[in-house]
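Printed here is work-v9.pdb (PDB, C-alpha atoms):
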ATOM      1  CA  MET A 402       0.000   0.000   0.000
ATOM      2  CA  LYS A 403       1.251   3.477  -0.863
ATOM      3  CA  VAL A 404       0.302   6.184   1.632
ATOM      4  CA  LEU A 405       0.759   9.942   1.424
ATOM      5  CA  VAL A 406       1.448  11.480   4.838
ATOM      6  CA  THR A 407       1.335  15.262   4.733
ATOM      7  CA  GLY A 408       3.217  17.157   7.421
ATOM      8  CA  ALA A 409       5.658  14.224   7.615
ATOM      9  CA  ALA A 410       8.402  16.409   9.116
ATOM     10  CA  GLY A 411       5.930  17.626  11.721
ATOM     11  CA  PHE A 412       5.267  16.092  15.121
ATOM     12  CA  ILE A 413       2.300  13.774  14.512
ATOM     13  CA  GLY A 414       3.171  13.277  10.841
ATOM     14  CA  PHE A 415       6.660  12.021  11.674
ATOM     15  CA  PHE A 416       5.439   9.401  14.136
ATOM     16  CA  THR A 417       2.624   8.327  11.800
ATOM     17  CA  ALA A 418       4.959   7.935   8.820
ATOM     18  CA  ARG A 419       7.478   6.009  10.912
ATOM     19  CA  GLN A 420       4.906   3.552  12.228
ATOM     20  CA  LEU A 421       3.523   2.947   8.727
ATOM     21  CA  LEU A 422       7.052   2.299   7.443
ATOM     22  CA  GLU A 423       7.775  -0.078  10.323
ATOM     23  CA  ARG A 424       4.800  -2.199   9.315
ATOM     24  CA  GLY A 425       6.006  -2.323   5.714
ATOM     25  CA  GLU A 426       3.989   0.311   3.857
ATOM     26  CA  THR A 427       5.413   2.552   1.136
ATOM     27  CA  VAL A 428       5.194   6.143   2.381
ATOM     28  CA  VAL A 429       5.566   9.443   0.583
ATOM     29  CA  GLY A 430       6.003  12.265   3.058
ATOM     30  CA  LEU A 431       5.107  15.841   2.172
ATOM     31  CA  ASP A 432       6.272  18.922   4.046
ATOM     32  CA  ASN A 433       7.197  22.500   3.187
ATOM     33  CA  PHE A 434       9.636  22.819   6.130
ATOM     34  CA  ASN A 435       8.367  26.294   6.954
ATOM     35  CA  GLU A 436       9.880  28.373   9.744
ATOM     36  CA  TYR A 437       6.886  28.499  12.095
ATOM     37  CA  TYR A 438       9.253  26.804  14.529
ATOM     38  CA  ASP A 439      12.872  25.560  14.502
ATOM     39  CA  VAL A 440      13.497  23.862  11.149
ATOM     40  CA  THR A 441      16.367  21.889  12.714
ATOM     41  CA  LEU A 442      13.783  19.797  14.548
ATOM     42  CA  LYS A 443      11.906  19.111  11.300
ATOM     43  CA  GLU A 444      15.109  18.163   9.512
ATOM     44  CA  SER A 445      15.993  15.777  12.353
ATOM     45  CA  ARG A 446      12.656  14.003  12.043
ATOM     46  CA  ALA A 447      13.013  13.834   8.260
ATOM     47  CA  ALA A 448      16.514  12.369   8.555
ATOM     48  CA  ILE A 449      15.140   9.448  10.598
ATOM     49  CA  LEU A 450      12.442   8.763   7.997
ATOM     50  CA  ASP A 451      15.011   8.948   5.190
ATOM     51  CA  GLY A 452      16.649   5.892   6.736
ATOM     52  CA  PHE A 453      13.744   3.716   5.535
ATOM     53  CA  ASP A 454      13.987   2.196   2.043
ATOM     54  CA  LYS A 455      10.278   2.672   1.341
ATOM     55  CA  PHE A 456      10.190   6.383   2.212
ATOM     56  CA  THR A 457      10.377   9.424  -0.034
ATOM     57  CA  MET A 458      10.153  13.029   1.171
ATOM     58  CA  VAL A 459       8.794  15.684  -1.187
ATOM     59  CA  ARG A 460       9.213  19.341  -0.254
ATOM     60  CA  ILE A 461       6.017  20.903  -1.523
ATOM     61  CA  ASP A 462       3.714  23.586  -0.171
ATOM     62  CA  LEU A 463       0.103  22.437   0.089
ATOM     63  CA  ALA A 464      -0.997  25.728  -1.450
ATOM     64  CA  ASP A 465       0.977  25.031  -4.658
ATOM     65  CA  ARG A 466      -1.827  23.713  -6.838
ATOM     66  CA  GLU A 467       0.258  22.614  -9.821
ATOM     67  CA  ALA A 468       2.796  20.773  -7.672
ATOM     68  CA  MET A 469       0.033  19.022  -5.714
ATOM     69  CA  ASP A 470      -1.801  17.974  -8.888
ATOM     70  CA  ALA A 471       1.420  16.576 -10.331
ATOM     71  CA  LEU A 472       2.253  14.668  -7.133
ATOM     72  CA  PHE A 473      -1.113  12.920  -7.003
ATOM     73  CA  ALA A 474      -1.074  12.118 -10.723
ATOM     74  CA  LYS A 475       2.422  10.626 -10.490
ATOM     75  CA  GLU A 476       2.173   8.600  -7.265
ATOM     76  CA  LYS A 477      -1.404   7.231  -7.370
ATOM     77  CA  PHE A 478      -1.745   6.886  -3.609
ATOM     78  CA  ASP A 479      -3.973   4.213  -2.100
ATOM     79  CA  LYS A 480      -4.655   6.243   1.042
ATOM     80  CA  VAL A 481      -3.892   9.735   2.327
ATOM     81  CA  VAL A 482      -3.246  10.832   5.917
ATOM     82  CA  HIS A 483      -3.442  14.629   5.831
ATOM     83  CA  LEU A 484      -1.743  16.015   8.947
ATOM     84  CA  ALA A 485      -0.080  19.141   7.521
ATOM     85  CA  ALA A 486      -1.555  22.439   8.661
ATOM     86  CA  GLN A 487      -0.683  25.817  10.038
ATOM     87  CA  ALA A 488      -0.958  24.951  13.704
ATOM     88  CA  GLY A 489      -1.426  27.024  16.838
ATOM     89  CA  VAL A 490      -4.367  28.938  18.276
ATOM     90  CA  ARG A 491      -2.315  31.955  19.377
ATOM     91  CA  TYR A 492      -0.424  32.420  16.118
ATOM     92  CA  SER A 493      -3.748  32.638  14.261
ATOM     93  CA  LEU A 494      -4.282  36.028  15.923
ATOM     94  CA  GLU A 495      -0.996  37.282  14.442
ATOM     95  CA  ASN A 496      -0.972  35.755  10.969
ATOM     96  CA  PRO A 497      -4.480  34.719   9.874
ATOM     97  CA  HIS A 498      -3.561  34.505   6.183
ATOM     98  CA  ALA A 499      -1.214  31.572   6.859
ATOM     99  CA  TYR A 500      -4.202  29.564   8.113
ATOM    100  CA  ILE A 501      -6.277  30.210   5.019
ATOM    101  CA  ASP A 502      -3.406  29.367   2.662
ATOM    102  CA  SER A 503      -2.453  26.129   4.400
ATOM    103  CA  ASN A 504      -5.604  24.870   6.109
ATOM    104  CA  ILE A 505      -8.247  25.919   3.571
ATOM    105  CA  VAL A 506      -6.516  26.169   0.181
ATOM    106  CA  GLY A 507      -4.117  23.339   1.023
ATOM    107  CA  THR A 508      -6.899  21.016   2.146
ATOM    108  CA  LEU A 509      -8.845  21.770  -1.041
ATOM    109  CA  HIS A 510      -5.840  20.591  -3.055
ATOM    110  CA  ILE A 511      -5.734  17.386  -0.998
ATOM    111  CA  LEU A 512      -9.438  16.762  -1.591
ATOM    112  CA  GLU A 513      -9.089  17.405  -5.320
ATOM    113  CA  GLY A 514      -6.080  15.087  -5.501
ATOM    114  CA  CYS A 515      -7.997  12.314  -3.770
ATOM    115  CA  ARG A 516     -11.064  12.867  -5.946
ATOM    116  CA  HIS A 517      -9.268  12.696  -9.278
ATOM    117  CA  ASN A 518      -6.927   9.827  -8.430
ATOM    118  CA  ASP A 519      -9.206   7.221  -6.858
ATOM    119  CA  VAL A 520      -7.840   7.435  -3.312
ATOM    120  CA  GLU A 521      -9.540   4.783  -1.172
ATOM    121  CA  HIS A 522      -9.682   6.764   2.087
ATOM    122  CA  LEU A 523      -8.697  10.229   3.283
ATOM    123  CA  VAL A 524      -7.944  10.665   6.986
ATOM    124  CA  TYR A 525      -7.331  14.277   8.011
ATOM    125  CA  ALA A 526      -6.471  16.213  11.145
ATOM    126  CA  SER A 527      -9.143  18.259  12.808
ATOM    127  CA  SER A 528      -8.838  19.647  16.337
ATOM    128  CA  SER A 529     -10.528  19.944  19.710
ATOM    129  CA  SER A 530     -10.462  23.689  18.953
ATOM    130  CA  VAL A 531     -13.637  23.242  16.896
ATOM    131  CA  TYR A 532     -15.593  22.917  20.161
ATOM    132  CA  GLY A 533     -14.902  26.581  20.875
ATOM    133  CA  ALA A 534     -17.490  28.047  23.207
ATOM    134  CA  ASN A 535     -19.020  24.648  24.078
ATOM    135  CA  THR A 536     -18.958  23.917  27.808
ATOM    136  CA  THR A 537     -20.710  20.526  27.876
ATOM    137  CA  MET A 538     -18.109  17.979  28.989
ATOM    138  CA  PRO A 539     -16.869  15.620  27.731
ATOM    139  CA  PHE A 540     -16.844  17.012  24.183
ATOM    140  CA  SER A 541     -18.768  14.715  21.841
ATOM    141  CA  ILE A 542     -18.697  14.473  18.054
ATOM    142  CA  HIS A 543     -22.489  14.474  18.231
ATOM    143  CA  GLN A 544     -22.530  18.044  19.613
ATOM    144  CA  ASN A 545     -22.939  21.202  17.565
ATOM    145  CA  VAL A 546     -19.605  22.963  16.910
ATOM    146  CA  ASP A 547     -20.653  26.221  15.276
ATOM    147  CA  HIS A 548     -18.985  28.618  17.725
ATOM    148  CA  PRO A 549     -15.170  28.479  17.334
ATOM    149  CA  LEU A 550     -13.187  31.026  19.357
ATOM    150  CA  ALA A 551     -10.150  31.363  17.069
ATOM    151  CA  LEU A 552      -9.515  31.272  13.324
ATOM    152  CA  TYR A 553      -7.506  28.060  13.736
ATOM    153  CA  GLY A 554     -10.609  26.270  15.044
ATOM    154  CA  ALA A 555     -12.730  27.825  12.304
ATOM    155  CA  THR A 556     -10.396  26.475   9.592
ATOM    156  CA  LYS A 557     -10.571  22.993  11.114
ATOM    157  CA  LYS A 558     -14.362  23.149  11.184
ATOM    158  CA  ALA A 559     -14.232  24.283   7.554
ATOM    159  CA  ASN A 560     -12.072  21.252   6.717
ATOM    160  CA  GLU A 561     -14.766  18.972   8.133
ATOM    161  CA  LEU A 562     -17.439  20.681   6.027
ATOM    162  CA  MET A 563     -15.270  20.539   2.912
ATOM    163  CA  ALA A 564     -14.630  16.840   3.452
ATOM    164  CA  HIS A 565     -18.348  16.161   3.786
ATOM    165  CA  THR A 566     -19.089  17.778   0.444
ATOM    166  CA  TYR A 567     -16.492  15.569  -1.278
ATOM    167  CA  SER A 568     -17.882  12.476   0.449
ATOM    168  CA  SER A 569     -21.353  13.516  -0.704
ATOM    169  CA  LEU A 570     -20.588  14.617  -4.267
ATOM    170  CA  TYR A 571     -17.894  12.123  -5.223
ATOM    171  CA  GLY A 572     -18.251   9.211  -2.788
ATOM    172  CA  LEU A 573     -14.787   9.875  -1.319
ATOM    173  CA  PRO A 574     -14.530   8.187   2.094
ATOM    174  CA  THR A 575     -13.252  10.799   4.574
ATOM    175  CA  THR A 576     -12.529  10.611   8.289
ATOM    176  CA  GLY A 577     -11.689  13.630  10.450
ATOM    177  CA  LEU A 578      -9.789  13.220  13.719
ATOM    178  CA  ARG A 579     -10.188  15.876  16.389
ATOM    179  CA  PHE A 580      -6.876  15.787  18.257
ATOM    180  CA  PHE A 581      -6.704  16.701  21.942
ATOM    181  CA  THR A 582      -3.395  18.248  23.199
ATOM    182  CA  VAL A 583      -0.832  15.824  21.816
ATOM    183  CA  TYR A 584       2.533  15.613  23.596
ATOM    184  CA  GLY A 585       5.684  13.498  23.640
ATOM    185  CA  PRO A 586       9.261  13.241  22.285
ATOM    186  CA  PHE A 587      10.018  15.359  19.208
ATOM    187  CA  GLY A 588       7.062  17.597  20.187
ATOM    188  CA  ARG A 589       6.562  21.112  18.895
ATOM    189  CA  PRO A 590       8.520  23.942  20.565
ATOM    190  CA  ASP A 591       5.371  26.112  20.726
ATOM    191  CA  MET A 592       3.552  23.591  22.928
ATOM    192  CA  ALA A 593       3.376  23.933  26.719
ATOM    193  CA  LEU A 594       5.421  20.826  27.558
ATOM    194  CA  PHE A 595       8.368  21.961  25.438
ATOM    195  CA  MET A 596       8.291  25.570  26.665
ATOM    196  CA  PHE A 597       7.816  24.609  30.317
ATOM    197  CA  THR A 598      10.628  22.038  30.244
ATOM    198  CA  LYS A 599      13.026  24.434  28.513
ATOM    199  CA  ASN A 600      12.353  27.329  30.877
ATOM    200  CA  ILE A 601      12.437  25.257  34.059
ATOM    201  CA  ILE A 602      15.803  23.762  33.080
ATOM    202  CA  GLU A 603      17.161  27.219  32.223
ATOM    203  CA  GLY A 604      15.828  28.768  35.429
ATOM    204  CA  LYS A 605      13.424  31.062  33.599
ATOM    205  CA  PRO A 606       9.794  31.709  34.637
ATOM    206  CA  ILE A 607       6.969  29.923  32.812
ATOM    207  CA  ASP A 608       3.817  31.713  31.661
ATOM    208  CA  VAL A 609       0.801  29.940  33.174
ATOM    209  CA  PHE A 610      -2.387  31.253  31.591
ATOM    210  CA  ASN A 611      -5.848  31.287  33.159
ATOM    211  CA  TYR A 612      -3.926  31.380  36.466
ATOM    212  CA  GLY A 613      -3.305  27.654  36.095
ATOM    213  CA  ASN A 614      -6.988  26.722  36.096
ATOM    214  CA  HIS A 615      -6.802  24.895  32.761
ATOM    215  CA  LYS A 616      -7.648  21.233  32.345
ATOM    216  CA  ARG A 617      -6.400  19.451  29.252
ATOM    217  CA  ASP A 618      -6.962  15.997  27.795
ATOM    218  CA  PHE A 619      -3.229  15.421  27.289
ATOM    219  CA  THR A 620      -2.697  12.546  24.858
ATOM    220  CA  TYR A 621       0.629  10.794  24.325
ATOM    221  CA  ILE A 622       1.947  10.738  20.755
ATOM    222  CA  GLU A 623       2.180   6.951  20.409
ATOM    223  CA  ASP A 624      -1.426   6.567  21.576
ATOM    224  CA  ILE A 625      -2.474   9.177  19.031
ATOM    225  CA  VAL A 626      -0.652   7.470  16.160
ATOM    226  CA  GLU A 627      -2.150   4.095  17.050
ATOM    227  CA  GLY A 628      -5.570   5.715  16.680
ATOM    228  CA  VAL A 629      -4.645   7.449  13.415
ATOM    229  CA  ILE A 630      -3.491   4.235  11.752
ATOM    230  CA  ARG A 631      -6.368   2.129  13.050
ATOM    231  CA  THR A 632      -8.705   4.758  11.629
ATOM    232  CA  MET A 633      -6.891   4.785   8.282
ATOM    233  CA  ASP A 634      -7.406   1.016   8.088
ATOM    234  CA  HIS A 635     -11.109   1.418   8.930
ATOM    235  CA  THR A 636     -12.486   3.117   5.817
ATOM    236  CA  ALA A 637     -15.409   5.458   6.468
ATOM    237  CA  THR A 638     -18.828   4.097   5.494
ATOM    238  CA  PRO A 639     -22.305   5.651   5.388
ATOM    239  CA  ASN A 640     -24.452   5.592   8.508
ATOM    240  CA  GLU A 641     -27.559   3.843   7.240
ATOM    241  CA  ALA A 642     -29.538   5.064  10.263
ATOM    242  CA  TRP A 643     -28.684   8.734   9.649
ATOM    243  CA  ASP A 644     -31.834  10.866   9.859
ATOM    244  CA  PRO A 645     -31.890  14.130   7.853
ATOM    245  CA  ALA A 646     -34.706  15.396  10.088
ATOM    246  CA  MET A 647     -32.386  15.033  13.106
ATOM    247  CA  PRO A 648     -28.921  15.199  11.521
ATOM    248  CA  ASP A 649     -26.092  13.713  13.574
ATOM    249  CA  PRO A 650     -22.986  15.970  13.159
ATOM    250  CA  GLY A 651     -20.536  13.095  13.643
ATOM    251  CA  THR A 652     -21.766  10.802  10.855
ATOM    252  CA  SER A 653     -23.678  11.023   7.591
ATOM    253  CA  ARG A 654     -25.583   9.007   5.005
ATOM    254  CA  VAL A 655     -22.428   9.359   2.885
ATOM    255  CA  PRO A 656     -18.974   7.814   3.701
ATOM    256  CA  TYR A 657     -17.981  10.478   6.228
ATOM    257  CA  ARG A 658     -16.947  10.120   9.856
ATOM    258  CA  LEU A 659     -15.605  12.272  12.672
ATOM    259  CA  TYR A 660     -13.867  11.038  15.795
ATOM    260  CA  ASN A 661     -12.407  12.561  18.926
ATOM    261  CA  ILE A 662      -8.970  11.179  19.662
ATOM    262  CA  GLY A 663      -7.880  11.939  23.209
ATOM    263  CA  ASN A 664      -6.890  10.354  26.494
ATOM    264  CA  GLN A 665     -10.371  10.637  28.066
ATOM    265  CA  GLN A 666      -8.769  11.800  31.325
ATOM    266  CA  PRO A 667      -8.399  15.581  31.647
ATOM    267  CA  VAL A 668      -5.496  16.673  33.832
ATOM    268  CA  GLU A 669      -5.171  19.960  35.701
ATOM    269  CA  LEU A 670      -2.415  22.142  34.264
ATOM    270  CA  MET A 671      -0.817  22.582  37.688
ATOM    271  CA  LYS A 672      -0.599  18.785  38.038
ATOM    272  CA  TYR A 673       1.042  18.605  34.611
ATOM    273  CA  ILE A 674       3.608  21.190  35.705
ATOM    274  CA  GLU A 675       4.290  19.204  38.885
ATOM    275  CA  VAL A 676       5.084  16.112  36.815
ATOM    276  CA  ILE A 677       7.521  18.138  34.680
ATOM    277  CA  GLU A 678       9.156  19.515  37.845
ATOM    278  CA  GLU A 679       9.605  15.989  39.192
ATOM    279  CA  CYS A 680      11.183  14.784  35.939
ATOM    280  CA  VAL A 681      13.507  17.787  35.728
ATOM    281  CA  GLY A 682      14.292  17.811  39.450
ATOM    282  CA  LYS A 683      13.630  21.528  39.731
ATOM    283  CA  LYS A 684      10.727  23.780  40.728
ATOM    284  CA  ALA A 685       9.192  26.190  38.238
ATOM    285  CA  GLU A 686       8.899  29.923  38.768
ATOM    286  CA  LYS A 687       5.324  30.590  37.641
ATOM    287  CA  ASN A 688       4.118  33.781  35.983
ATOM    288  CA  LEU A 689       0.338  33.546  36.486
ATOM    289  CA  LEU A 690      -1.632  35.280  33.714
ATOM    290  CA  PRO A 691      -5.290  35.601  32.605
ATOM    291  CA  LEU A 692      -6.938  33.448  29.932
ATOM    292  CA  GLN A 693      -5.650  34.258  26.457
ATOM    293  CA  PRO A 694      -7.965  35.358  23.622
ATOM    294  CA  GLY A 695      -9.146  32.374  21.603
ATOM    295  CA  ASP A 696      -8.229  29.837  24.291
ATOM    296  CA  VAL A 697     -10.636  27.564  26.188
ATOM    297  CA  PRO A 698     -10.386  26.674  29.893
ATOM    298  CA  ASP A 699     -10.905  22.906  29.585
ATOM    299  CA  THR A 700     -10.878  20.061  27.074
ATOM    300  CA  TRP A 701     -12.108  16.516  27.555
ATOM    301  CA  ALA A 702     -12.651  14.002  24.761
ATOM    302  CA  ASP A 703     -15.549  11.581  24.540
ATOM    303  CA  THR A 704     -13.941   8.808  22.467
ATOM    304  CA  THR A 705     -16.844   6.355  22.663
ATOM    305  CA  ASP A 706     -17.239   6.117  18.871
ATOM    306  CA  LEU A 707     -13.522   5.620  18.222
ATOM    307  CA  VAL A 708     -13.353   2.877  20.856
ATOM    308  CA  ALA A 709     -16.398   1.143  19.371
ATOM    309  CA  ASP A 710     -15.198   1.319  15.755
ATOM    310  CA  VAL A 711     -11.441   0.656  16.003
ATOM    311  CA  ASP A 712     -10.904  -0.419  19.648
ATOM    312  CA  TYR A 713      -8.850   2.675  20.429
ATOM    313  CA  GLN A 714      -7.428   2.425  23.955
ATOM    314  CA  PRO A 715      -4.884   5.063  25.024
ATOM    315  CA  ALA A 716      -2.619   3.573  27.657
ATOM    316  CA  THR A 717       0.123   6.085  28.552
ATOM    317  CA  PRO A 718      -0.182   7.966  31.883
ATOM    318  CA  ILE A 719       1.232  11.503  31.952
ATOM    319  CA  GLU A 720       3.971  10.481  34.386
ATOM    320  CA  VAL A 721       5.373   8.097  31.763
ATOM    321  CA  GLY A 722       4.732  10.336  28.766
ATOM    322  CA  VAL A 723       6.280  13.449  30.308
ATOM    323  CA  LYS A 724       9.345  11.490  31.468
ATOM    324  CA  ASN A 725       9.802  10.151  27.931
ATOM    325  CA  PHE A 726       9.688  13.717  26.604
ATOM    326  CA  VAL A 727      12.140  15.085  29.183
ATOM    327  CA  ASP A 728      14.558  12.197  28.527
ATOM    328  CA  TRP A 729      14.353  12.913  24.782
ATOM    329  CA  TYR A 730      14.801  16.669  25.311
ATOM    330  CA  LEU A 731      17.940  16.201  27.412
ATOM    331  CA  GLU A 732      19.438  13.813  24.867
ATOM    332  CA  PHE A 733      18.456  15.830  21.775
ATOM    333  CA  TYR A 734      19.849  19.096  23.136
ATOM    334  CA  GLN A 735      22.730  17.371  24.949
ATOM    335  CA  ILE A 736      21.867  18.768  28.368
ATOM    336  CA  GLU A 737      23.108  17.323  31.635
ATOM    337  CA  LEU A 738      20.910  18.238  34.568
ATOM    338  CA  LYS A 739      22.479  19.654  37.686
ATOM    339  CA  GLN A 740      20.632  18.193  40.623
ATOM    340  CA  SER A 741      19.682  20.766  43.247
ATOM    341  CA  ALA A 742      20.957  20.184  46.761
TER     342      ALA A 742
END

structure tokens encoding of this file:
Amino acid sequence: MKVLVTGAAGFIGFFTARQLLERGETVVGLDNFNEYYDVTLKESRAAILDGFDKFTMVRIDLADREAMDALFAKEKFDKVVHLAAQAGVRYSLENPHAYIDSNIVGTLHILEGCRHNDVEHLVYASSSSVYGANTTMPFSIHQNVDHPLALYGATKKANELMAHTYSSLYGLPTTGLRFFTVYGPFGRPDMALFMFTKNIIEGKPIDVFNYGNHKRDFTYIEDIVEGVIRTMDHTATPNEAWDPAMPDPGTSRVPYRLYNIGNQQPVELMKYIEVIEECVGKKAEKNLLPLQPGDVPDTWADTTDLVADVDYQPATPIEVGVKNFVDWYLEFYQIELKQSA
């Protein structure tokens, strides 16, 4: 099987591509290696993937229509796992155009490529950010998600709507995965775990928003990837019981599905920081700040549908996952901790 993994030099894309290669698939990775964060980290991920015989990396921007059309026509992918996107809630307040170019225009090019080249199944990244102003916990795919709080969440909601139209018009099976706060080794430098670990080690204060009253459904990267690949193998099918008089947002009478993919166990941010402190062996100096624009206080995934359909069972506690990240961080940046007396 030949699989296109977009965002293959990114965090989730790298782990997904690697696991597919380890089970023997042929993988084409796509990434534009932009400078949203340290490109050295992306190049390091790509170098690991380049060690596999059945891997090819193409450096293409999703928004480049001609290049995308040519790639699909040449490679004739069996399945596509679309994980590339302009990420980050906060950055969407500074550079909204990047989100339209990558997340809207880029996703259109993916959908068109799948449509015209007989792709069997498209799995794409959505986000817990689509829940926006919702406060009913846990978040369910069967809830309405029409009130995003940031442009990032709005583009992910748009991706879900775009996918549905292609499932409806062209019979393209599509599955959207709403990720909940993914963390682990090789994680993004703009994520809390990376920033907190770096600053605590360097003796710098950490910014703790909402005065530390956040709860997040932190999900370990290997658990996430297990869910992504199980979903890719489980091609979306129509819900024969779907009722247009009472439309279920998470399914459809066409081959379209949505799933939450999270740990199902929200953790208080202060507890998360404590675990980092224990792994680093040093206390954090906390700079307590109000809730940021576009952010939500809590996330909590209802993964009932994903468990029922693909037997998704996340198994990594935060104590293990955070330790794995800190161990990777120290090795990657060649840091030797000085234990406090």

For the provided coordinates, the residues matched by the PyMOL selection byres ((chain A and resi 431) around 8) should be stated as a PyMOL selection string. chain A and resi 405-410+429-430+432-433+458-461

How would the residues just chosen look if you wrote them out with C-alpha atoms as a compact mmCIF listing (two decimals), in the frame of the given file?
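Below is the file that was written, selection25.txt:
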# COMPACT_ATOMS: atom_id res chain seq x y z
CA LEU A 405 0.76 9.94 1.42
CA VAL A 406 1.45 11.48 4.84
CA THR A 407 1.34 15.26 4.73
CA GLY A 408 3.22 17.16 7.42
CA ALA A 409 5.66 14.22 7.62
CA ALA A 410 8.40 16.41 9.12
CA VAL A 429 5.57 9.44 0.58
CA GLY A 430 6.00 12.26 3.06
CA ASP A 432 6.27 18.92 4.05
CA ASN A 433 7.20 22.50 3.19
CA MET A 458 10.15 13.03 1.17
CA VAL A 459 8.79 15.68 -1.19
CA ARG A 460 9.21 19.34 -0.25
CA ILE A 461 6.02 20.90 -1.52

Expanded to explicit residues, what is the PyMOL selection byres ((chain A and resi 491-499) around 12) for this file, as number ranges by chain? A: 435-438, 462-464, 486-490, 500-507, 530, 550-556, 591-592, 692-697

Name every residue that the PyMOL selection byres ((chain A and resi 577) around 6) selects in this structure, writing the answer as a PyMOL selection string with chains first and numbers rising. chain A and resi 524-527+576+578+659

Selection near Arg617 (chain A), 10 Å with all atoms listed in the file, sequence-local residues under 4 positions removed, as a PDB file with C-alpha atoms, in the frame of the given file:
ATOM      1  CA  PHE A 581      -6.704  16.701  21.942  1.00  0.00           C
ATOM      2  CA  THR A 582      -3.395  18.248  23.199  1.00  0.00           C
ATOM      3  CA  VAL A 583      -0.832  15.824  21.816  1.00  0.00           C
ATOM      4  CA  GLY A 663      -7.880  11.939  23.209  1.00  0.00           C
ATOM      5  CA  ASN A 664      -6.890  10.354  26.494  1.00  0.00           C
ATOM      6  CA  GLN A 665     -10.371  10.637  28.066  1.00  0.00           C
ATOM      7  CA  GLN A 666      -8.769  11.800  31.325  1.00  0.00           C
ATOM      8  CA  PRO A 667      -8.399  15.581  31.647  1.00  0.00           C
ATOM      9  CA  VAL A 668      -5.496  16.673  33.832  1.00  0.00           C
ATOM     10  CA  GLU A 669      -5.171  19.960  35.701  1.00  0.00           C
ATOM     11  CA  LEU A 670      -2.415  22.142  34.264  1.00  0.00           C
ATOM     12  CA  TYR A 673       1.042  18.605  34.611  1.00  0.00           C
ATOM     13  CA  VAL A 697     -10.636  27.564  26.188  1.00  0.00           C
ATOM     14  CA  PRO A 698     -10.386  26.674  29.893  1.00  0.00           C
ATOM     15  CA  ASP A 699     -10.905  22.906  29.585  1.00  0.00           C
ATOM     16  CA  THR A 700     -10.878  20.061  27.074  1.00  0.00           C
ATOM     17  CA  TRP A 701     -12.108  16.516  27.555  1.00  0.00           C
ATOM     18  CA  ALA A 702     -12.651  14.002  24.761  1.00  0.00           C
TER      19      ALA A 702
END

Which residues are close to Val609 (chain A), i.e. within 9 Å by all atoms listed in the file, leaving aside same-chain residues fewer than 4 positions away? Reply as a count of residues only. 9

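In this comparison, which uses all atoms listed in the file, the residue of A:Phe587, A:Phe540, A:Phe726, A:Phe473 approaching Gly414 (chain A) most closely is A:Phe587.
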
Any idea what's packed within 7 Å of Leu523 (chain A), counting all atoms listed in the file, ignoring anything in its chain fewer than 3 positions away? Could you give it as JSON, numbers by chain? {"A": [480, 481, 482, 574, 575, 576]}

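Proximity to Thr441 (chain A) was assessed for A:Gly411, A:Thr457, A:Leu422, A:Ile662 counting only C-alpha atoms; the smallest distance is recorded for A:Gly411.
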
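Taking CA of Leu573 (chain A) and CA of Met647 (chain A) as the two end points, the separation is 23.3 Å.
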